[in-house]
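Peer 1: Below is the structure I would like to discuss, written out as structure tokens.
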Amino acid sequence: MDREVRVKRTVGRAVYSGGALVRNIHVDSATLGANSGKWGGAVAFTGIVPAGTRDDLRFNFNFGNAIGRYQVGGFFPDGYLEADGRLHLARQTSGYIGFRHFWTPTLRSTAEYSAANSNPSAGTATGINKSDRSQHVNLIWSPVPAVNLGAEYIHAQRTVVGGERGSLNRLQFSAQYSF
């Protein structure tokens, strides 16, 4: 059972929102010898702050012990099973900050830094995600109002339980038609 509440406020041209999430996470598995549940929660704060006529600063920060699938596209599990079958809800944080700049009315870029962390219990299986960091920079061209053509460079680093690390460098291209 998940319950969410969000409040959105406009201050001048800036838009801010705050939210709270309450969840009951439950595991019931005879195979794993687990049958427990816990209540957890999370808070979020987001904003879009204008910087000039069209440019803006965007941010999002999340903190809680029941965020799991709500942050970073399921990067972290909703909970972790202790060796004795009890459910553990780890503190998790995530966020990003990005600046969007319009070079011309049809050409824009965004530079963004994002991070996410989890503190799973000591007995958590090796290979479960513990943290990630990524930096993004893009260039998007809108030759006509319904079309966006873009390129983005991403550098990311990931750490898993057990200490192994990996990194990613990616150049990707996109085309979007809005109808």
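By convention here, the chains of the structure tokens are called A, B, ... in the order presented, each chain's residues are numbered starting at 1, and ligands are numbered starting at 1 in the order presented.
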Using only C-alpha atoms, which protein or nucleic acid residues come within 9 Å of range 97-106 of chain A? Drop anything in the same chain fewer than 5 positions from it, and give the result as a PDB file with C-alpha atoms, in the first residue's frame.
Peer 2:
```pdb
ATOM      1  CA  ALA A  51      17.799  32.094 -14.971  1.00  0.00           C
ATOM      2  CA  ARG A  54      14.508  31.036 -21.180  1.00  0.00           C
ATOM      3  CA  ASP A  55      17.340  29.351 -19.236  1.00  0.00           C
ATOM      4  CA  ASP A  56      16.632  27.560 -15.966  1.00  0.00           C
ATOM      5  CA  LEU A  57      18.112  25.593 -13.088  1.00  0.00           C
ATOM      6  CA  ARG A  58      16.355  22.293 -12.284  1.00  0.00           C
ATOM      7  CA  PHE A  59      16.816  20.133  -9.208  1.00  0.00           C
ATOM      8  CA  ASN A  60      15.319  17.188  -7.363  1.00  0.00           C
ATOM      9  CA  PHE A  61      16.320  15.722  -3.984  1.00  0.00           C
ATOM     10  CA  ALA A 111      24.336  19.955 -18.217  1.00  0.00           C
ATOM     11  CA  GLU A 112      23.332  17.719 -15.293  1.00  0.00           C
ATOM     12  CA  TYR A 113      24.890  15.919 -12.337  1.00  0.00           C
ATOM     13  CA  SER A 114      22.991  13.155 -10.546  1.00  0.00           C
ATOM     14  CA  HIS A 136      25.137  14.387 -18.707  1.00  0.00           C
ATOM     15  CA  ILE A 140      18.970  19.509 -28.767  1.00  0.00           C
ATOM     16  CA  TRP A 141      17.813  21.179 -31.939  1.00  0.00           C
ATOM     17  CA  SER A 142      14.132  21.879 -32.665  1.00  0.00           C
ATOM     18  CA  PRO A 143      14.006  22.710 -36.389  1.00  0.00           C
ATOM     19  CA  VAL A 144      10.177  22.870 -36.268  1.00  0.00           C
ATOM     20  CA  PRO A 145       7.907  23.016 -33.184  1.00  0.00           C
TER      21      PRO A 145
END
```
Peer 1: With a distance cut-off of 6 Å and only C-alpha atoms, select the neighbouring residues of range 124-134 of chain A, excluding the residue or stretch itself and same-chain residues fewer than 2 positions from it, and output the selection as a list of chain:residue names.
Peer 2: A:Tyr113, A:Ser114, A:Ala115, A:Ala116, A:Asn117, A:Ser118, A:Ser121, A:Ala122, A:His155, A:Ala156, A:Gln157, A:Arg158, A:Thr159, A:Val160, A:Val161, A:Gly162
Peer 1: Quick one: residues within 12 Å of Ala44 in chain A, only C-alpha atoms, excluding same-chain residues fewer than 5 positions away - as a VMD selection string?
Peer 2: chain A and resid 4 to 8 16 to 22 59 to 64 67 70 to 71 92 to 96
Peer 1: How would the residues just chosen look if you wrote them out with C-alpha atoms as a compact mmCIF listing (two decimals), in the first residue's frame?
Peer 2:
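For reference, out_22.txt as written:
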```txt
# COMPACT_ATOMS: atom_id res chain seq x y z
CA GLU A 4 1.64 9.98 -1.69
CA VAL A 5 1.04 13.67 -1.15
CA ARG A 6 2.60 16.53 -3.12
CA VAL A 7 2.35 20.30 -2.77
CA LYS A 8 3.28 22.57 -5.66
CA TYR A 16 8.78 24.30 -6.39
CA SER A 17 7.17 21.15 -5.07
CA GLY A 18 7.53 19.05 -1.98
CA GLY A 19 6.21 15.58 -1.48
CA ALA A 20 5.95 12.77 0.99
CA LEU A 21 5.53 9.04 0.46
CA VAL A 22 4.43 6.40 2.98
CA PHE A 59 16.82 20.13 -9.21
CA ASN A 60 15.32 17.19 -7.36
CA PHE A 61 16.32 15.72 -3.98
CA ASN A 62 14.84 12.58 -2.35
CA PHE A 63 15.51 11.01 1.03
CA GLY A 64 13.85 8.08 2.81
CA ILE A 67 11.87 4.94 -2.03
CA TYR A 70 10.32 5.30 -7.04
CA GLN A 71 13.83 6.60 -7.62
CA GLN A 92 18.31 5.91 0.31
CA THR A 93 19.02 9.31 -1.19
CA SER A 94 18.97 10.54 -4.75
CA GLY A 95 18.98 13.79 -6.59
CA TYR A 96 20.08 15.80 -9.55
```
Peer 1: Smallest atom-to-atom distance to Arg23 in chain A: which of A:Phe45, A:Trp39, A:Tyr153, A:Phe173, using only C-alpha atoms?
Peer 2: A:Trp39
Peer 1: Report the distance between CA of Tyr177 in chain A and CA of Leu149 in chain A in Å, rounded to one decimal place.
Peer 2: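 CA of Leu149 in chain A lies 9.0 Å from CA of Tyr177 in chain A.
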Peer 1: Mind checking DSSP for range 1-178 of chain A and telling me the strand (DSSP E or B) residues as a PyMOL selection string?
Peer 2: chain A and resi 2-11+14-29+34-50+56-64+80-81+87-88+92-104+107-118+129-141+147-160+165-177
Peer 1: List as a PyMOL selection string the protein and nucleic acid residues near Ser36 in chain A, meaning an atom at most 9 Å away when only C-alpha atoms are counted, but skip any in the same chain fewer than 6 places from it.
Peer 2: chain A and resi 25-28+85-87
Peer 1: Using CA of Asn119 in chain A and CA of Val72 in chain A as the two end points, give the distance in Å to one decimal.
Peer 2: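 About the pair CA of Asn119 in chain A and CA of Val72 in chain A: they are 15.3 Å apart.
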